[in-house]
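> Handing over protein14.cif, mmCIF, C-alpha atoms.
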```
data_run
#
loop_
_atom_site.label_atom_id
_atom_site.label_comp_id
_atom_site.auth_asym_id
_atom_site.auth_seq_id
_atom_site.Cartn_x
_atom_site.Cartn_y
_atom_site.Cartn_z
CA MET A 1 120.88 72.27 69.53
CA HIS A 2 124.48 71.26 68.98
CA LYS A 3 125.95 69.90 72.20
CA LYS A 4 128.73 71.88 73.87
CA LEU A 5 131.06 70.09 76.24
CA SER A 6 132.43 71.25 79.57
CA ARG A 7 136.16 71.66 79.95
CA LYS A 8 136.17 68.89 82.56
CA THR A 9 134.62 66.44 80.09
CA LYS A 10 137.18 67.36 77.44
CA ILE A 11 140.09 66.97 79.87
CA VAL A 12 138.89 63.65 81.29
CA TYR A 13 138.15 62.19 77.87
CA GLY A 14 141.44 63.48 76.46
CA PHE A 15 143.37 61.99 79.38
CA GLY A 16 142.16 58.56 78.31
CA ASP A 17 144.41 58.71 75.26
CA LEU A 18 147.56 58.95 77.38
CA GLY A 19 147.94 55.20 77.79
CA PHE A 20 147.46 54.49 74.10
CA SER A 21 150.02 57.12 73.19
CA LEU A 22 152.56 55.79 75.69
CA THR A 23 152.33 52.21 74.46
CA THR A 24 152.10 52.82 70.71
CA THR A 25 154.89 55.41 70.74
CA ILE A 26 157.21 53.21 72.78
CA ILE A 27 156.57 50.34 70.38
CA GLY A 28 157.03 52.55 67.34
CA ALA A 29 160.19 54.21 68.61
CA TYR A 30 161.96 51.41 70.46
CA PHE A 31 160.59 48.00 69.55
CA LEU A 32 162.61 47.46 66.38
CA PHE A 33 165.67 48.90 68.17
CA PHE A 34 164.98 46.50 71.07
CA LEU A 35 164.71 43.49 68.78
CA THR A 36 167.91 44.26 66.87
CA ASP A 37 170.20 45.66 69.58
CA VAL A 38 168.96 43.94 72.77
CA VAL A 39 167.45 40.64 71.64
CA GLY A 40 169.87 40.25 68.71
CA ILE A 41 167.41 39.56 65.89
CA GLN A 42 168.54 40.47 62.38
CA PRO A 43 166.77 43.64 61.10
CA ALA A 44 164.93 41.93 58.24
CA VAL A 45 163.79 39.06 60.52
CA ALA A 46 162.61 41.60 63.10
CA GLY A 47 160.67 43.48 60.43
CA ILE A 48 159.03 40.27 59.25
CA ALA A 49 158.12 39.31 62.83
CA ILE A 50 156.41 42.68 63.34
CA LEU A 51 154.64 42.43 59.99
CA ALA A 52 153.36 38.93 60.84
CA GLY A 53 152.11 40.07 64.24
CA ARG A 54 150.30 43.12 62.92
CA THR A 55 148.84 41.49 59.83
CA TRP A 56 147.38 38.57 61.80
CA ASP A 57 145.62 41.08 64.03
CA TYR A 58 143.67 42.86 61.27
CA LEU A 59 140.44 40.97 62.02
CA ASN A 60 140.31 42.21 65.63
CA ASP A 61 139.26 45.74 64.79
CA PRO A 62 136.01 45.23 62.85
CA LEU A 63 134.96 42.39 65.17
CA ILE A 64 135.49 44.43 68.35
CA GLY A 65 133.98 47.49 66.70
CA HIS A 66 130.86 45.60 65.70
CA LEU A 67 130.68 44.00 69.15
CA SER A 68 130.68 47.43 70.81
CA ASP A 69 127.98 48.66 68.40
CA ARG A 70 125.79 45.75 69.49
CA THR A 71 126.63 45.93 73.22
CA ARG A 72 123.77 47.02 75.47
CA SER A 73 124.48 47.38 79.19
CA ARG A 74 123.75 49.63 82.14
CA TRP A 75 127.14 51.26 81.42
CA GLY A 76 126.40 51.89 77.75
CA ARG A 77 127.92 50.48 74.57
CA ARG A 78 131.58 51.55 74.88
CA ARG A 79 132.39 52.04 78.56
CA PRO A 80 132.25 48.36 79.64
CA PHE A 81 135.24 47.68 77.40
CA LEU A 82 137.26 50.31 79.26
CA LEU A 83 136.33 48.81 82.63
CA PHE A 84 137.19 45.19 81.87
CA GLY A 85 139.95 45.61 79.28
CA ALA A 86 142.42 47.83 81.13
CA ILE A 87 144.34 45.09 82.98
CA PRO A 88 144.77 42.70 80.00
CA PHE A 89 145.97 45.72 77.98
CA ALA A 90 148.72 46.43 80.54
CA LEU A 91 149.84 42.81 80.89
CA ALA A 92 150.05 42.22 77.13
CA PHE A 93 152.27 45.28 76.73
CA MET A 94 154.69 43.93 79.33
CA LEU A 95 155.04 40.59 77.52
CA MET A 96 156.30 42.35 74.39
CA TRP A 97 159.44 43.50 76.21
CA TYR A 98 160.34 40.23 77.90
CA ARG A 99 163.51 38.59 76.55
CA PRO A 100 162.92 34.80 76.47
CA ALA A 101 165.88 32.44 76.79
CA TYR A 102 165.85 31.46 73.12
CA GLU A 103 168.87 31.65 70.84
CA SER A 104 167.18 30.63 67.60
CA GLN A 105 166.25 33.53 65.31
CA ALA A 106 163.11 31.64 64.25
CA ALA A 107 162.01 30.97 67.83
CA LEU A 108 162.50 34.61 68.80
CA ALA A 109 160.61 35.78 65.72
CA VAL A 110 157.68 33.49 66.60
CA TYR A 111 157.61 34.66 70.23
CA TYR A 112 157.55 38.36 69.36
CA SER A 113 155.02 37.85 66.58
CA LEU A 114 152.68 36.14 69.06
CA ALA A 115 153.35 38.79 71.71
CA TYR A 116 152.47 41.47 69.16
CA VAL A 117 149.24 39.67 68.25
CA LEU A 118 148.24 39.40 71.91
CA PHE A 119 148.99 43.06 72.61
CA ASP A 120 147.08 44.29 69.57
CA ALA A 121 144.05 42.19 70.51
CA ALA A 122 144.05 43.57 74.08
CA ALA A 123 144.66 47.12 72.85
CA THR A 124 141.84 46.91 70.29
CA PHE A 125 139.46 45.82 73.03
CA VAL A 126 139.92 49.16 74.82
CA TYR A 127 141.04 51.83 72.39
CA MET A 128 138.52 51.19 69.65
CA PRO A 129 135.47 51.73 71.93
CA TYR A 130 137.28 54.73 73.45
CA TYR A 131 137.70 56.38 70.04
CA ALA A 132 134.07 55.63 69.15
CA LEU A 133 132.94 57.81 72.07
CA THR A 134 134.03 61.00 70.24
CA PRO A 135 130.97 61.46 67.97
CA GLU A 136 128.67 60.37 70.81
CA LEU A 137 129.84 63.12 73.15
CA THR A 138 129.05 66.01 70.77
CA ASP A 139 127.64 66.58 67.28
CA ASP A 140 129.08 70.10 66.88
CA TYR A 141 131.54 70.52 63.93
CA ASP A 142 134.03 72.76 65.77
CA GLU A 143 133.44 71.24 69.21
CA ARG A 144 134.69 67.93 67.86
CA THR A 145 137.91 69.61 66.77
CA SER A 146 138.22 71.09 70.25
CA LEU A 147 137.59 67.69 71.89
CA THR A 148 140.15 66.12 69.59
CA SER A 149 142.65 68.86 70.49
CA TYR A 150 142.35 67.97 74.18
CA ARG A 151 142.82 64.31 73.34
CA MET A 152 145.82 65.12 71.17
CA PHE A 153 147.34 67.18 74.00
CA PHE A 154 147.53 64.03 76.09
CA SER A 155 148.48 61.96 73.05
CA ILE A 156 151.46 64.17 72.24
CA PHE A 157 152.36 64.55 75.91
CA GLY A 158 152.34 60.77 76.11
CA SER A 159 154.60 60.61 73.05
CA LEU A 160 156.96 63.07 74.72
CA LEU A 161 157.12 60.90 77.84
CA ALA A 162 157.51 57.77 75.73
CA PHE A 163 160.39 59.22 73.75
CA THR A 164 162.31 60.46 76.79
CA VAL A 165 161.58 58.57 80.02
CA PRO A 166 162.27 55.04 78.70
CA MET A 167 165.80 56.10 77.79
CA MET A 168 166.30 57.33 81.36
CA ILE A 169 165.25 53.90 82.66
CA VAL A 170 166.97 51.72 80.07
CA GLY A 171 170.11 53.76 79.39
CA THR A 172 171.65 52.22 76.28
CA PHE A 173 169.86 49.58 74.24
CA SER A 174 172.25 46.63 74.43
CA PRO A 175 172.01 42.92 75.40
CA GLU A 176 172.93 43.83 78.98
CA SER A 177 169.90 46.12 79.37
CA ALA A 178 167.19 43.45 78.92
CA ALA A 179 166.16 43.56 82.60
CA ARG A 180 165.88 47.37 82.57
CA VAL A 181 163.75 47.20 79.42
CA LEU A 182 161.29 44.88 81.20
CA ILE A 183 161.16 47.25 84.21
CA MET A 184 160.34 50.06 81.81
CA ALA A 185 157.52 47.98 80.31
CA VAL A 186 156.01 47.22 83.73
CA ILE A 187 156.01 50.92 84.66
CA PHE A 188 154.45 52.12 81.42
CA GLY A 189 152.02 49.23 81.12
CA THR A 190 150.60 50.02 84.56
CA ALA A 191 150.47 53.76 83.86
CA SER A 192 148.64 53.11 80.58
CA ALA A 193 145.76 51.20 82.18
CA LEU A 194 144.77 53.75 84.82
CA PRO A 195 143.37 56.53 82.53
CA LEU A 196 140.86 54.09 81.06
CA TRP A 197 139.14 53.67 84.39
CA LEU A 198 138.99 57.46 84.82
CA VAL A 199 137.19 57.81 81.49
CA PHE A 200 134.80 55.01 82.45
CA LEU A 201 133.87 56.79 85.68
CA ASN A 202 133.48 60.31 84.26
CA THR A 203 131.79 60.03 80.85
CA ARG A 204 128.24 59.14 79.88
CA GLU A 205 126.82 57.86 76.59
CA GLN A 206 123.65 59.27 75.03
CA GLU A 207 120.54 57.26 75.83
CA ALA A 208 119.14 57.78 72.32
CA PHE A 209 122.03 55.87 70.78
CA ILE A 210 122.04 53.11 73.40
CA SER A 211 118.40 52.34 72.68
CA GLN A 212 118.86 52.00 68.90
CA GLU A 213 118.40 48.65 67.20
CA LYS A 214 121.50 46.46 67.06
CA PRO A 215 123.18 46.75 63.62
CA LYS A 216 124.19 43.79 61.45
CA LEU A 217 127.89 43.29 60.62
CA ILE A 218 127.61 43.11 56.83
CA ALA A 219 125.26 46.11 56.73
CA SER A 220 127.71 48.09 58.89
CA LEU A 221 130.65 47.30 56.61
CA LYS A 222 128.63 48.22 53.53
CA ALA A 223 127.60 51.49 55.16
CA ALA A 224 131.26 52.36 55.80
CA LEU A 225 132.37 51.55 52.25
CA LYS A 226 129.50 53.57 50.74
CA ASN A 227 130.19 56.56 53.01
CA ARG A 228 132.27 58.90 50.83
CA PRO A 229 133.40 61.28 53.62
CA PHE A 230 134.49 58.29 55.71
CA VAL A 231 136.47 56.71 52.85
CA PHE A 232 138.29 59.99 52.18
CA GLY A 233 138.93 60.51 55.89
CA ALA A 234 140.28 56.98 56.28
CA VAL A 235 142.71 57.43 53.38
CA ILE A 236 143.88 60.76 54.79
CA TYR A 237 144.43 59.13 58.16
CA LEU A 238 146.29 56.15 56.69
CA LEU A 239 148.69 58.29 54.67
CA THR A 240 149.39 60.59 57.61
CA TRP A 241 150.13 57.76 60.03
CA VAL A 242 152.29 55.76 57.64
CA CYS A 243 154.46 58.86 57.60
CA MET A 244 154.26 59.25 61.39
CA ASP A 245 155.22 55.61 61.99
CA ILE A 246 158.15 55.78 59.59
CA LEU A 247 159.50 58.84 61.38
CA GLN A 248 158.90 57.39 64.86
CA THR A 249 160.77 54.23 63.94
CA THR A 250 163.63 56.06 62.21
CA LEU A 251 164.12 59.00 64.56
CA LEU A 252 166.63 57.36 66.92
CA PHE A 253 168.64 56.04 63.97
CA PHE A 254 168.66 59.54 62.42
CA ILE A 255 169.74 61.25 65.63
CA LYS A 256 172.49 58.73 66.36
CA TYR A 257 173.98 58.02 62.94
CA VAL A 258 173.15 61.08 60.78
CA LEU A 259 173.27 63.94 63.27
CA GLY A 260 175.75 62.32 65.67
CA MET A 261 173.71 63.71 68.60
CA GLU A 262 172.64 60.56 70.47
CA GLY A 263 173.49 62.25 73.78
CA GLN A 264 170.91 64.97 73.02
CA SER A 265 168.13 62.69 71.78
CA GLU A 266 165.87 63.57 74.73
CA ILE A 267 166.31 67.30 74.04
CA LEU A 268 165.51 66.94 70.34
CA MET A 269 162.44 64.81 70.99
CA ALA A 270 161.25 67.20 73.67
CA LEU A 271 161.54 70.14 71.26
CA ILE A 272 159.41 68.33 68.68
CA PHE A 273 156.66 67.23 71.04
CA VAL A 274 156.49 70.30 73.28
CA THR A 275 156.15 72.41 70.13
CA ALA A 276 153.45 70.05 68.83
CA ILE A 277 151.50 70.50 72.07
CA ALA A 278 151.88 74.28 71.89
CA ALA A 279 150.69 74.24 68.26
CA LEU A 280 147.39 72.46 68.98
CA PRO A 281 145.40 75.64 69.78
CA PHE A 282 146.80 77.21 66.61
CA TRP A 283 145.55 74.36 64.42
CA GLU A 284 142.17 74.40 66.15
CA TYR A 285 141.99 78.14 65.38
CA VAL A 286 142.97 77.57 61.74
CA SER A 287 140.32 74.87 61.44
CA ARG A 288 137.64 77.20 62.81
CA LYS A 289 138.64 80.04 60.47
CA MET A 290 138.96 77.84 57.37
CA ASN A 291 137.67 74.29 57.62
CA LYS A 292 139.25 70.97 58.50
CA ARG A 293 140.35 69.97 55.02
CA LEU A 294 142.08 73.28 54.23
CA ALA A 295 143.71 73.36 57.66
CA TYR A 296 145.04 69.84 56.99
CA ALA A 297 146.44 70.81 53.59
CA PHE A 298 148.17 73.87 55.03
CA GLY A 299 149.60 72.12 58.11
CA ILE A 300 150.72 68.90 56.44
CA GLY A 301 152.22 70.78 53.50
CA PHE A 302 154.32 72.78 55.95
CA TRP A 303 155.45 69.58 57.68
CA ALA A 304 156.43 67.91 54.38
CA VAL A 305 158.69 70.84 53.50
CA VAL A 306 160.41 70.65 56.89
CA GLN A 307 161.09 66.91 56.46
CA ILE A 308 162.71 67.54 53.07
CA ILE A 309 164.96 70.19 54.61
CA LEU A 310 165.98 67.79 57.40
CA ILE A 311 167.74 65.42 54.98
CA THR A 312 170.31 68.14 54.22
CA VAL A 313 171.63 68.34 57.80
CA GLY A 314 174.49 66.32 59.24
CA PRO A 315 177.11 66.31 62.03
CA SER A 316 178.68 69.54 60.72
CA VAL A 317 175.44 71.54 61.15
CA SER A 318 175.18 73.69 64.28
CA ALA A 319 173.07 72.46 67.17
CA GLY A 320 171.05 75.68 67.02
CA LEU A 321 169.88 74.95 63.48
CA VAL A 322 168.93 71.39 64.44
CA TYR A 323 166.92 72.74 67.38
CA PHE A 324 165.15 75.21 65.08
CA LEU A 325 164.24 72.48 62.58
CA CYS A 326 162.88 70.32 65.42
CA VAL A 327 160.60 73.19 66.45
CA MET A 328 159.39 73.60 62.87
CA ALA A 329 158.78 69.85 62.60
CA GLY A 330 156.83 69.99 65.87
CA ILE A 331 154.39 72.51 64.39
CA GLY A 332 153.63 70.04 61.59
CA VAL A 333 153.40 67.11 64.01
CA GLY A 334 150.71 69.03 65.91
CA ALA A 335 148.66 69.35 62.72
CA ALA A 336 149.13 65.66 61.92
CA HIS A 337 147.82 64.67 65.35
CA VAL A 338 144.66 66.76 65.58
CA LEU A 339 143.33 67.31 62.05
CA PRO A 340 142.94 63.76 60.63
CA TRP A 341 141.21 62.63 63.84
CA SER A 342 138.85 65.64 63.82
CA ILE A 343 137.74 64.84 60.26
CA ILE A 344 136.65 61.26 61.02
CA PRO A 345 133.65 61.85 63.38
CA ASP A 346 131.70 63.93 60.83
CA ALA A 347 131.18 60.82 58.70
CA ILE A 348 129.01 59.32 61.49
CA GLU A 349 126.17 61.80 60.90
CA TRP A 350 126.48 61.31 57.14
CA ASP A 351 126.01 57.60 57.82
CA GLU A 352 122.95 58.17 60.01
CA TYR A 353 121.48 60.52 57.42
CA GLN A 354 121.89 57.92 54.66
CA THR A 355 121.02 54.70 56.56
CA GLY A 356 119.02 55.75 59.61
CA GLU A 357 121.54 53.91 61.82
CA ARG A 358 124.79 54.72 63.60
CA HIS A 359 127.86 52.51 63.24
CA GLU A 360 130.50 54.35 65.30
CA GLY A 361 132.11 51.13 66.44
CA ILE A 362 132.63 49.66 62.99
CA PHE A 363 133.74 53.02 61.58
CA TYR A 364 136.34 53.59 64.27
CA SER A 365 137.42 49.96 64.09
CA LEU A 366 138.28 50.55 60.45
CA ILE A 367 140.26 53.64 61.43
CA THR A 368 142.24 51.73 64.05
CA LEU A 369 142.74 49.10 61.36
CA MET A 370 144.20 51.87 59.17
CA GLN A 371 146.63 52.67 61.98
CA LYS A 372 147.73 49.04 62.15
CA ILE A 373 148.10 48.89 58.39
CA ALA A 374 150.24 52.04 58.64
CA SER A 375 152.52 50.34 61.18
CA SER A 376 152.56 47.14 59.14
CA ILE A 377 153.81 49.15 56.17
CA ALA A 378 156.13 51.55 57.96
CA ILE A 379 158.04 49.47 60.52
CA PRO A 380 158.90 46.53 58.21
CA LEU A 381 159.80 49.05 55.49
CA VAL A 382 162.32 50.62 57.84
CA GLY A 383 163.73 47.23 58.88
CA VAL A 384 164.07 45.97 55.30
CA LEU A 385 165.60 49.24 54.05
CA LEU A 386 168.14 49.18 56.88
CA GLU A 387 169.02 45.60 55.91
CA VAL A 388 169.32 46.44 52.21
CA THR A 389 171.53 49.45 52.93
CA HIS A 390 173.82 47.32 55.17
CA TYR A 391 172.99 48.83 58.57
CA GLN A 392 175.34 47.46 61.26
CA ALA A 393 173.69 47.07 64.69
CA ASN A 394 175.63 48.60 67.61
CA SER A 395 178.29 49.96 65.24
CA THR A 396 179.76 53.36 66.07
CA ILE A 397 180.04 54.31 62.40
CA GLN A 398 177.59 53.23 59.71
CA PRO A 399 178.45 52.73 56.03
CA ASP A 400 177.47 55.56 53.69
CA SER A 401 174.74 53.40 52.20
CA ALA A 402 173.04 52.99 55.60
CA VAL A 403 173.25 56.72 56.31
CA PHE A 404 171.70 57.42 52.89
CA GLY A 405 168.89 54.95 53.65
CA ILE A 406 168.14 56.65 56.96
CA ARG A 407 168.03 60.05 55.21
CA MET A 408 165.55 58.70 52.67
CA LEU A 409 163.34 57.42 55.48
CA VAL A 410 163.30 60.84 57.14
CA GLY A 411 162.81 63.04 54.06
CA PRO A 412 161.53 61.99 50.62
CA ILE A 413 159.54 58.88 51.58
CA PRO A 414 157.37 60.63 54.24
CA ALA A 415 156.96 63.67 52.00
CA ILE A 416 155.46 61.50 49.24
CA PHE A 417 152.84 60.03 51.60
CA LEU A 418 152.00 63.49 52.98
CA THR A 419 151.56 65.00 49.51
CA ILE A 420 149.07 62.29 48.51
CA GLY A 421 147.20 62.94 51.78
CA ILE A 422 146.91 66.64 50.92
CA ILE A 423 145.34 65.76 47.54
CA PHE A 424 142.67 63.65 49.25
CA ALA A 425 142.04 66.38 51.86
CA LEU A 426 141.43 69.01 49.19
CA LYS A 427 138.80 66.75 47.62
CA TYR A 428 137.12 65.85 50.96
CA PRO A 429 133.34 66.11 50.29
CA LEU A 430 131.93 67.54 53.56
CA ASP A 431 132.52 71.07 54.85
CA ARG A 432 131.19 72.93 57.90
CA THR A 433 128.06 74.31 56.22
CA GLN A 434 127.02 70.97 54.75
CA PHE A 435 127.68 69.15 58.02
CA THR A 436 125.70 71.65 60.13
CA ALA A 437 122.70 71.41 57.81
CA LEU A 438 122.90 67.62 57.93
CA VAL A 439 122.95 67.56 61.77
CA ASP A 440 119.97 69.94 61.93
CA GLU A 441 117.99 67.63 59.64
CA LEU A 442 118.89 64.63 61.79
CA GLN A 443 117.65 66.40 64.92
CA ILE A 444 114.32 67.07 63.24
CA ARG A 445 114.09 63.39 62.29
CA ARG A 446 114.82 62.26 65.85
CA GLU A 447 112.23 64.61 67.31
CA LYS A 448 109.59 63.28 64.89
CA ALA A 449 110.55 59.70 65.74
#
```
In structure tokens, how does this file's structure come out?

Amino acid sequence: MHKKLSRKTKIVYGFGDLGFSLTTTIIGAYFLFFLTDVVGIQPAVAGIAILAGRTWDYLNDPLIGHLSDRTRSRWGRRRPFLLFGAIPFALAFMLMWYRPAYESQAALAVYYSLAYVLFDAAATFVYMPYYALTPELTDDYDERTSLTSYRMFFSIFGSLLAFTVPMMIVGTFSPESAARVLIMAVIFGTASALPLWLVFLNTREQEAFISQEKPKLIASLKAALKNRPFVFGAVIYLLTWVCMDILQTTLLFFIKYVLGMEGQSEILMALIFVTAIAALPFWEYVSRKMNKRLAYAFGIGFWAVVQIILITVGPSVSAGLVYFLCVMAGIGVGAAHVLPWSIIPDAIEWDEYQTGERHEGIFYSLITLMQKIASSIAIPLVGVLLEVTHYQANSTIQPDSAVFGIRMLVGPIPAIFLTIGIIFALKYPLDRTQFTALVDELQIRREKA
């Protein structure tokens, strides 16, 4: 019997993603801007500092994932991490937005690299076990898409808050706003920790999985690499989120220097993310009527076309047309949020069918690692391209080369990543019928055992 979830369970679990969305979106949207325009670090140096911080942190994910797979406690395998990791997660986020009294570019780069490492370690400790709860709460093909849709509602809502409220607190990103930036970080760091405790108190893990034998690290990694649906899903996720991170990092630059609409940035971001939230039920419906891979190809293809169209607009284009394109982009953003995440959990049953074990922690740790790799590619790419095209921080008017570079980051470059993702989605090797038959066979095995 495939487990159906109550609406309360879906809402509570989905709410847990709010804090992760707030912190990662704020970092993606504002951190490079903060380093260049508030702290005063050169764009290329800032990009290198971020790259160093994220790359150093790659080992955290599989280690924490494996640790949660092997954890046995009265609270389960995943939930203890939510209980004890919430406060360090909040404090580490705050440290990223503190402006130390250094003048040296090298000293500042070292500080922010270390702050990034500390934050990613604390974040991994809580969000990786949280993600690994998804396949443990239900084994139903469509119910997982529904659960992911609830989570993505709070994820996109968090992105909407993160793109708008910080600007209300900070005002303009300039050296004089350093204190307001830190206040913003304290507010959002605190708000990001609280949902984790709510999830801890209101979800339960399945006893059958808690009682399984503790897996070995090397065996878990081998199982992931041999799992064809997981490998395809991970590549799809990576390509989608490289694109998402590029756009998050570039969006403020595009609004300010290409559209000349900095005063309406909150409106434009709200249009994108409110539309993305409204589109979630549509993409869940499309996934049920088709399957996840075809829904991904349709939704992401639509989004890629919209991004290409966006590079043709400029200050002379009417505000109404810009608003319309933001709505269209929001529809694609909704697909990008829900569909890659809904594909990933199905690989867990494939793994159990092939190995007789479950490695949710290591699998999801590799997915969160993909997200960090995406940021490590996207954010430094933006910083270096801005440097190469002669971007001038805090300048009212940018040279044509910088404007061209920003256009490339919004249109052709994301479209290339999205197109490759569609190719992998069309070749994804596990559809609804195959997955349902696999789950039924696993239930028979468990009953016999």
> Kindly resolve the PyMOL selection byres ((chain A and resi 315) around 7) on the present coordinates and return the residues as a VMD selection string.
chain A and resid 258 to 260 314 316 to 317
> Output the selection as a short mmCIF file (atom, residue, chain, number, x, y, z; two decimals), in the coordinates of the input - C-alpha atoms for each residue.

```
data_model
loop_
_atom_site.label_atom_id
_atom_site.label_comp_id
_atom_site.auth_asym_id
_atom_site.auth_seq_id
_atom_site.Cartn_x
_atom_site.Cartn_y
_atom_site.Cartn_z
CA VAL A 258 173.15 61.08 60.78
CA LEU A 259 173.27 63.94 63.27
CA GLY A 260 175.75 62.32 65.67
CA GLY A 314 174.49 66.32 59.24
CA SER A 316 178.68 69.54 60.72
CA VAL A 317 175.44 71.54 61.15
#
```
> For the structure shown, which residues end up in the PyMOL selection byres ((chain A and resi 106) around 12)? Put them as a ChimeraX atom specification, please?
/A:40-42,45-46,48-49,102-105,107-113
> What does the distance from CA of Ser155 (chain A) to CA of Val38 (chain A) come to in Å, to one decimal?
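Straight-line distance from CA of Ser155 (chain A) to CA of Val38 (chain A) works out to 27.3 Å.
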> Identify all residues satisfying the PyMOL selection byres ((chain A and resi 375) around 10) in the given file; provide them as a PyMOL selection string.
chain A and resi 24+28+50-51+54-55+238+241-246+249+369-374+376-381
> Would you work out the distance separating CA of Trp350 (chain A) from CA of Glu284 (chain A), expressed in Å to one decimal?
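So the answer is 22.3 Å.
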> Excluding Ala270 (chain A) and any residue of its chain fewer than 3 positions from it, enumerate the residues within 12 Å of it, using only C-alpha atoms, and give them as a PyMOL selection string.
chain A and resi 156-165+264-267+273-278+323+326-327+329-330
> What is the CA of Arg288 (chain A)-CA of Ile331 (chain A) distance in Å, reported with one decimal?
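Spanning CA of Arg288 (chain A) to CA of Ile331 (chain A) is a straight-line distance of 17.5 Å.
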> Which residue is closest to Pro429 (chain A)? Choose from A:Leu198, A:Val384, A:Met128, A:Ile343 and count only C-alpha atoms.
A:Ile343
> Using only C-alpha atoms, determine which residues lie at most 9 Å from Leu114 (chain A), disregarding the query and same-chain residues fewer than 6 positions distant; provide the list as a VMD selection string.
chain A and resid 49 52 to 53 96
> Using all atoms listed in the file, which of the listed residues (A:Leu280, A:Ile272, A:Val39, A:Ala179) sits closest to Ser149 (chain A)?
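The answer is A:Leu280, which sits nearest to Ser149 (chain A).
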> List as JSON lines every residue of region 98-130 of chain A that is in contact with region 63-81 of chain A, defined as an atom at most 9 Å from one of its atoms (using all atoms listed in the file), together with the nearest atom pair and the distance in Å rounded to one decimal, sorted by chain and then rising number.

```
{"residue": "A:Thr124", "atom": "CA", "partner": "A:Ile64", "partner_atom": "CA", "distance": 7.1}
{"residue": "A:Phe125", "atom": "CA", "partner": "A:Ile64", "partner_atom": "CA", "distance": 6.3}
{"residue": "A:Val126", "atom": "CA", "partner": "A:Phe81", "partner_atom": "CA", "distance": 5.5}
{"residue": "A:Tyr127", "atom": "CA", "partner": "A:Phe81", "partner_atom": "CA", "distance": 8.7}
{"residue": "A:Met128", "atom": "CA", "partner": "A:Gly65", "partner_atom": "CA", "distance": 6.6}
{"residue": "A:Pro129", "atom": "CA", "partner": "A:Arg78", "partner_atom": "CA", "distance": 4.9}
{"residue": "A:Tyr130", "atom": "CA", "partner": "A:Arg78", "partner_atom": "CA", "distance": 6.7}
```
